[in-house]
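The file model-v8.csv contains CSV, N, CA and C atoms:
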```
chain,number,residue,atom,x,y,z
A,22,MET,N,3.7,4.8,-108.7
A,22,MET,CA,3.2,4.2,-109.9
A,22,MET,C,3.9,4.8,-111.1
A,23,GLU,N,4.3,3.9,-112.0
A,23,GLU,CA,5.0,4.3,-113.2
A,23,GLU,C,4.1,4.2,-114.4
A,24,ILE,N,3.8,5.2,-115.1
A,24,ILE,CA,2.9,5.2,-116.2
A,24,ILE,C,3.7,5.7,-117.5
A,25,LYS,N,3.6,4.8,-118.5
A,25,LYS,CA,4.2,5.2,-119.8
A,25,LYS,C,3.2,5.3,-120.9
A,26,ILE,N,3.4,6.3,-121.7
A,26,ILE,CA,2.6,6.5,-122.9
A,26,ILE,C,3.5,6.1,-124.1
A,27,LEU,N,3.1,5.0,-124.8
A,27,LEU,CA,4.0,4.6,-125.9
A,27,LEU,C,3.4,5.1,-127.2
A,28,GLY,N,4.3,5.8,-127.9
A,28,GLY,CA,3.9,6.3,-129.2
A,28,GLY,C,5.0,7.2,-129.8
A,29,THR,N,4.9,7.3,-131.1
A,29,THR,CA,6.0,8.0,-131.9
A,29,THR,C,5.8,9.5,-132.0
A,30,GLY,N,4.7,10.0,-131.4
A,30,GLY,CA,4.5,11.5,-131.5
A,30,GLY,C,3.3,11.9,-132.3
A,31,CYS,N,2.5,11.0,-132.7
A,31,CYS,CA,1.3,11.4,-133.5
A,31,CYS,C,0.3,12.1,-132.6
A,32,SER,N,-0.7,12.6,-133.2
A,32,SER,CA,-1.7,13.4,-132.5
A,32,SER,C,-2.4,12.5,-131.5
A,33,ASN,N,-2.7,11.3,-131.8
A,33,ASN,CA,-3.4,10.4,-130.9
A,33,ASN,C,-2.5,10.1,-129.7
A,34,CYS,N,-1.2,10.0,-129.9
A,34,CYS,CA,-0.2,9.7,-128.8
A,34,CYS,C,-0.2,11.0,-127.9
A,35,LYS,N,-0.2,12.1,-128.4
A,35,LYS,CA,-0.3,13.4,-127.6
A,35,LYS,C,-1.6,13.5,-126.9
A,36,ASN,N,-2.7,13.1,-127.5
A,36,ASN,CA,-4.0,13.1,-126.8
A,36,ASN,C,-4.1,12.2,-125.7
A,37,LEU,N,-3.5,11.0,-125.8
A,37,LEU,CA,-3.4,10.0,-124.7
A,37,LEU,C,-2.6,10.5,-123.6
A,38,GLU,N,-1.5,11.1,-123.9
A,38,GLU,CA,-0.6,11.7,-122.8
A,38,GLU,C,-1.4,12.8,-122.1
A,39,LYS,N,-2.1,13.7,-122.8
A,39,LYS,CA,-2.8,14.7,-122.1
A,39,LYS,C,-3.9,14.2,-121.3
A,40,ALA,N,-4.7,13.2,-121.8
A,40,ALA,CA,-5.8,12.6,-121.0
A,40,ALA,C,-5.3,11.9,-119.8
A,41,THR,N,-4.2,11.2,-120.0
A,41,THR,CA,-3.6,10.5,-118.8
A,41,THR,C,-3.1,11.4,-117.7
A,42,ARG,N,-2.5,12.5,-118.1
A,42,ARG,CA,-2.0,13.5,-117.1
A,42,ARG,C,-3.2,14.1,-116.4
A,43,GLU,N,-4.3,14.3,-117.2
A,43,GLU,CA,-5.5,14.9,-116.6
A,43,GLU,C,-6.1,13.9,-115.6
A,44,ALA,N,-6.2,12.6,-115.9
A,44,ALA,CA,-6.7,11.6,-115.1
A,44,ALA,C,-5.9,11.4,-113.8
A,45,VAL,N,-4.6,11.5,-113.9
A,45,VAL,CA,-3.7,11.4,-112.8
A,45,VAL,C,-3.9,12.5,-111.8
A,46,ALA,N,-4.1,13.7,-112.4
A,46,ALA,CA,-4.3,14.9,-111.6
A,46,ALA,C,-5.6,14.9,-110.8
A,47,GLU,N,-6.7,14.4,-111.6
A,47,GLU,CA,-8.0,14.3,-111.0
A,47,GLU,C,-8.1,13.3,-109.9
A,48,LEU,N,-7.3,12.2,-110.0
A,48,LEU,CA,-7.3,11.2,-109.0
A,48,LEU,C,-6.3,11.5,-107.9
A,49,ASN,N,-5.5,12.6,-108.1
A,49,ASN,CA,-4.4,13.0,-107.1
A,49,ASN,C,-3.5,11.8,-106.9
A,50,LEU,N,-3.1,11.1,-107.9
A,50,LEU,CA,-2.2,10.0,-107.8
A,50,LEU,C,-0.7,10.4,-107.7
A,51,ASP,N,0.1,9.6,-107.0
A,51,ASP,CA,1.5,9.8,-106.9
A,51,ASP,C,2.1,9.0,-108.1
A,52,ALA,N,2.1,9.5,-109.3
A,52,ALA,CA,2.5,8.7,-110.4
A,52,ALA,C,3.5,9.5,-111.3
A,53,ASN,N,4.4,8.8,-111.9
A,53,ASN,CA,5.4,9.4,-112.8
A,53,ASN,C,4.9,9.0,-114.2
A,54,VAL,N,4.6,10.0,-115.0
A,54,VAL,CA,4.1,9.8,-116.4
A,54,VAL,C,5.2,10.2,-117.3
A,55,VAL,N,5.6,9.2,-118.1
A,55,VAL,CA,6.6,9.4,-119.1
A,55,VAL,C,6.2,9.0,-120.5
A,56,LYS,N,6.8,9.6,-121.5
A,56,LYS,CA,6.4,9.3,-122.9
A,56,LYS,C,7.6,8.6,-123.5
A,57,GLU,N,7.3,7.4,-124.1
A,57,GLU,CA,8.3,6.6,-124.7
A,57,GLU,C,8.1,6.6,-126.2
A,58,GLU,N,9.0,7.1,-127.0
A,58,GLU,CA,8.9,7.3,-128.4
A,58,GLU,C,9.8,6.4,-129.2
A,59,ASP,N,10.7,5.6,-128.5
A,59,ASP,CA,11.6,4.7,-129.2
A,59,ASP,C,10.8,3.5,-129.7
A,60,ILE,N,10.8,3.3,-131.0
A,60,ILE,CA,9.9,2.3,-131.6
A,60,ILE,C,10.4,0.9,-131.2
A,61,ILE,N,11.7,0.7,-131.0
A,61,ILE,CA,12.2,-0.6,-130.6
A,61,ILE,C,11.7,-0.9,-129.1
A,62,LYS,N,11.8,0.1,-128.3
A,62,LYS,CA,11.3,-0.1,-126.9
A,62,LYS,C,9.8,-0.4,-126.9
A,63,ILE,N,9.0,0.3,-127.8
A,63,ILE,CA,7.6,0.2,-127.9
A,63,ILE,C,7.3,-1.3,-128.3
A,64,MET,N,8.0,-1.7,-129.3
A,64,MET,CA,7.8,-3.1,-129.8
A,64,MET,C,8.1,-4.1,-128.8
A,65,GLY,N,9.1,-3.8,-127.8
A,65,GLY,CA,9.4,-4.7,-126.7
A,65,GLY,C,8.3,-5.0,-125.8
A,66,TYR,N,7.2,-4.1,-125.8
A,66,TYR,CA,6.0,-4.4,-125.0
A,66,TYR,C,5.0,-5.2,-125.8
A,67,GLY,N,5.3,-5.6,-127.1
A,67,GLY,CA,4.4,-6.3,-127.9
A,67,GLY,C,3.3,-5.5,-128.5
A,68,VAL,N,3.5,-4.2,-128.5
A,68,VAL,CA,2.5,-3.2,-129.0
A,68,VAL,C,2.8,-3.0,-130.5
A,69,MET,N,1.9,-3.2,-131.3
A,69,MET,CA,2.0,-3.0,-132.8
A,69,MET,C,1.2,-1.8,-133.3
A,70,ARG,N,0.3,-1.4,-132.4
A,70,ARG,CA,-0.6,-0.2,-132.8
A,70,ARG,C,-0.5,0.8,-131.6
A,71,THR,N,-0.1,2.0,-131.9
A,71,THR,CA,0.0,3.0,-130.9
A,71,THR,C,-1.2,4.0,-131.0
A,72,PRO,N,-1.5,4.7,-130.0
A,72,PRO,CA,-0.8,4.8,-128.7
A,72,PRO,C,-1.1,3.7,-127.8
A,73,ALA,N,-0.3,3.6,-126.8
A,73,ALA,CA,-0.5,2.5,-125.7
A,73,ALA,C,-0.3,3.1,-124.4
A,74,LEU,N,-1.0,2.5,-123.4
A,74,LEU,CA,-0.9,3.0,-122.0
A,74,LEU,C,-0.3,1.8,-121.2
A,75,VAL,N,0.8,2.0,-120.5
A,75,VAL,CA,1.5,1.0,-119.8
A,75,VAL,C,1.5,1.5,-118.3
A,76,VAL,N,1.1,0.7,-117.4
A,76,VAL,CA,1.2,1.0,-116.0
A,76,VAL,C,1.9,0.0,-115.2
A,77,ASP,N,3.0,0.4,-114.6
A,77,ASP,CA,3.9,-0.5,-113.8
A,77,ASP,C,4.3,-1.7,-114.7
A,78,GLU,N,4.7,-1.4,-116.0
A,78,GLU,CA,5.2,-2.4,-117.0
A,78,GLU,C,4.1,-3.3,-117.5
A,79,LYS,N,2.8,-3.0,-117.3
A,79,LYS,CA,1.7,-3.9,-117.8
A,79,LYS,C,1.0,-3.0,-118.8
A,80,VAL,N,0.8,-3.5,-120.1
A,80,VAL,CA,0.1,-2.8,-121.1
A,80,VAL,C,-1.4,-3.0,-120.8
A,81,LEU,N,-2.0,-1.8,-120.6
A,81,LEU,CA,-3.5,-1.8,-120.2
A,81,LEU,C,-4.3,-1.6,-121.4
A,82,LEU,N,-3.9,-0.8,-122.4
A,82,LEU,CA,-4.6,-0.7,-123.7
A,82,LEU,C,-3.7,-0.1,-124.7
A,83,TYR,N,-4.1,-0.3,-126.0
A,83,TYR,CA,-3.3,0.2,-127.1
A,83,TYR,C,-4.2,0.3,-128.3
A,84,GLY,N,-3.8,1.2,-129.3
A,84,GLY,CA,-4.5,1.3,-130.5
A,84,GLY,C,-5.6,2.3,-130.5
A,85,ARG,N,-5.8,3.0,-129.4
A,85,ARG,CA,-6.9,4.0,-129.4
A,85,ARG,C,-6.7,5.0,-128.2
A,86,VAL,N,-7.5,6.0,-128.2
A,86,VAL,CA,-7.4,7.0,-127.2
A,86,VAL,C,-8.7,6.9,-126.4
A,87,PRO,N,-8.6,6.4,-125.1
A,87,PRO,CA,-9.8,6.3,-124.3
A,87,PRO,C,-10.1,7.7,-123.7
A,88,SER,N,-11.3,7.8,-123.1
A,88,SER,CA,-11.7,9.0,-122.4
A,88,SER,C,-11.0,9.1,-121.1
A,89,VAL,N,-11.0,10.3,-120.5
A,89,VAL,CA,-10.3,10.5,-119.2
A,89,VAL,C,-11.0,9.6,-118.2
A,90,LYS,N,-12.3,9.5,-118.3
A,90,LYS,CA,-13.1,8.6,-117.4
A,90,LYS,C,-12.6,7.2,-117.4
A,91,GLU,N,-12.4,6.7,-118.6
A,91,GLU,CA,-11.9,5.3,-118.8
A,91,GLU,C,-10.5,5.1,-118.2
A,92,ILE,N,-9.7,6.1,-118.4
A,92,ILE,CA,-8.3,6.1,-117.9
A,92,ILE,C,-8.3,6.1,-116.4
A,93,LYS,N,-9.2,6.9,-115.8
A,93,LYS,CA,-9.3,7.0,-114.3
A,93,LYS,C,-9.8,5.6,-113.8
A,94,GLU,N,-10.7,4.9,-114.5
A,94,GLU,CA,-11.2,3.6,-114.1
A,94,GLU,C,-10.0,2.6,-114.1
A,95,LEU,N,-9.2,2.7,-115.2
A,95,LEU,CA,-8.1,1.8,-115.3
A,95,LEU,C,-7.0,2.0,-114.2
A,96,LEU,N,-6.8,3.3,-113.9
A,96,LEU,CA,-5.8,3.6,-112.9
A,96,LEU,C,-6.3,3.3,-111.5
A,97,SER,N,-7.5,3.2,-111.3
A,97,SER,CA,-8.1,3.0,-109.9
A,97,SER,C,-8.1,1.5,-109.6
A,98,LYS,N,-7.9,0.7,-110.5
A,98,LYS,CA,-7.9,-0.8,-110.3
A,98,LYS,C,-6.7,-1.3,-109.5
```

Since I need it in another form, could you write the structure as structure tokens?
Amino acid sequence: MEIKILGTGCSNCKNLEKATREAVAELNLDANVVKEEDIIKIMGYGVMRTPALVVDEKVLLYGRVPSVKEIKELLSK
């Protein structure tokens, strides 16, 4: 599983990355979590509000920081 956190480095982006890593650990997933900060690449996903969560090249959410519980639900689908 490839998970990308899209964001330019703001506190919300960092919070999403932390919560995502926590969710991955709690679910014991075999996932690669990477942070994408290049605004051109972020816009390539059609995301205009960060942070965003992308799993296997599909944007699952953007513009807010979900709870660890919500991230776990998204990753379990």

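Here atom N of Ala40 in chain A is placed at a distance of 13.5 Å from atom N of Glu57 in chain A.
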
Residues near Asn53 in chain A, cut-off 9 Å, only C-alpha atoms, skip fewer than 4 positions along chain, as an MDAnalysis selection string: chainID A and resid 22:25

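The gap separating CA of Lys39 in chain A from atom N of Lys62 in chain A is 21.6 Å, in Å to one decimal.
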
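Note that the spacing between CA of Val76 in chain A and CA of Val55 in chain A amounts to 10.5 Å.
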
Exercise: Pro72 in chain A partners within 12 Å, only C-alpha atoms, chain neighbours under 2 positions left out, as a ChimeraX atom specification: /A:25-38,41,56-58,60,63-64,68-70,74-75,80-87

Using only C-alpha atoms: which of A:Tyr66, A:Glu47, A:Arg42, A:Ile61 has the shortest distance to Glu78 in chain A: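 Looking at the shortest contact to Glu78 in chain A, the residue is A:Tyr66.
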
Members of chain A assigned helix (DSSP H, G or I) by DSSP, as a VMD selection string: chain A and resid 32 to 48 60 to 65 89 to 97

Expected answer as a PyMOL selection string: strand (DSSP E or B) residues in chain A: chain A and resi 23-27+53-57+73-76+79-83
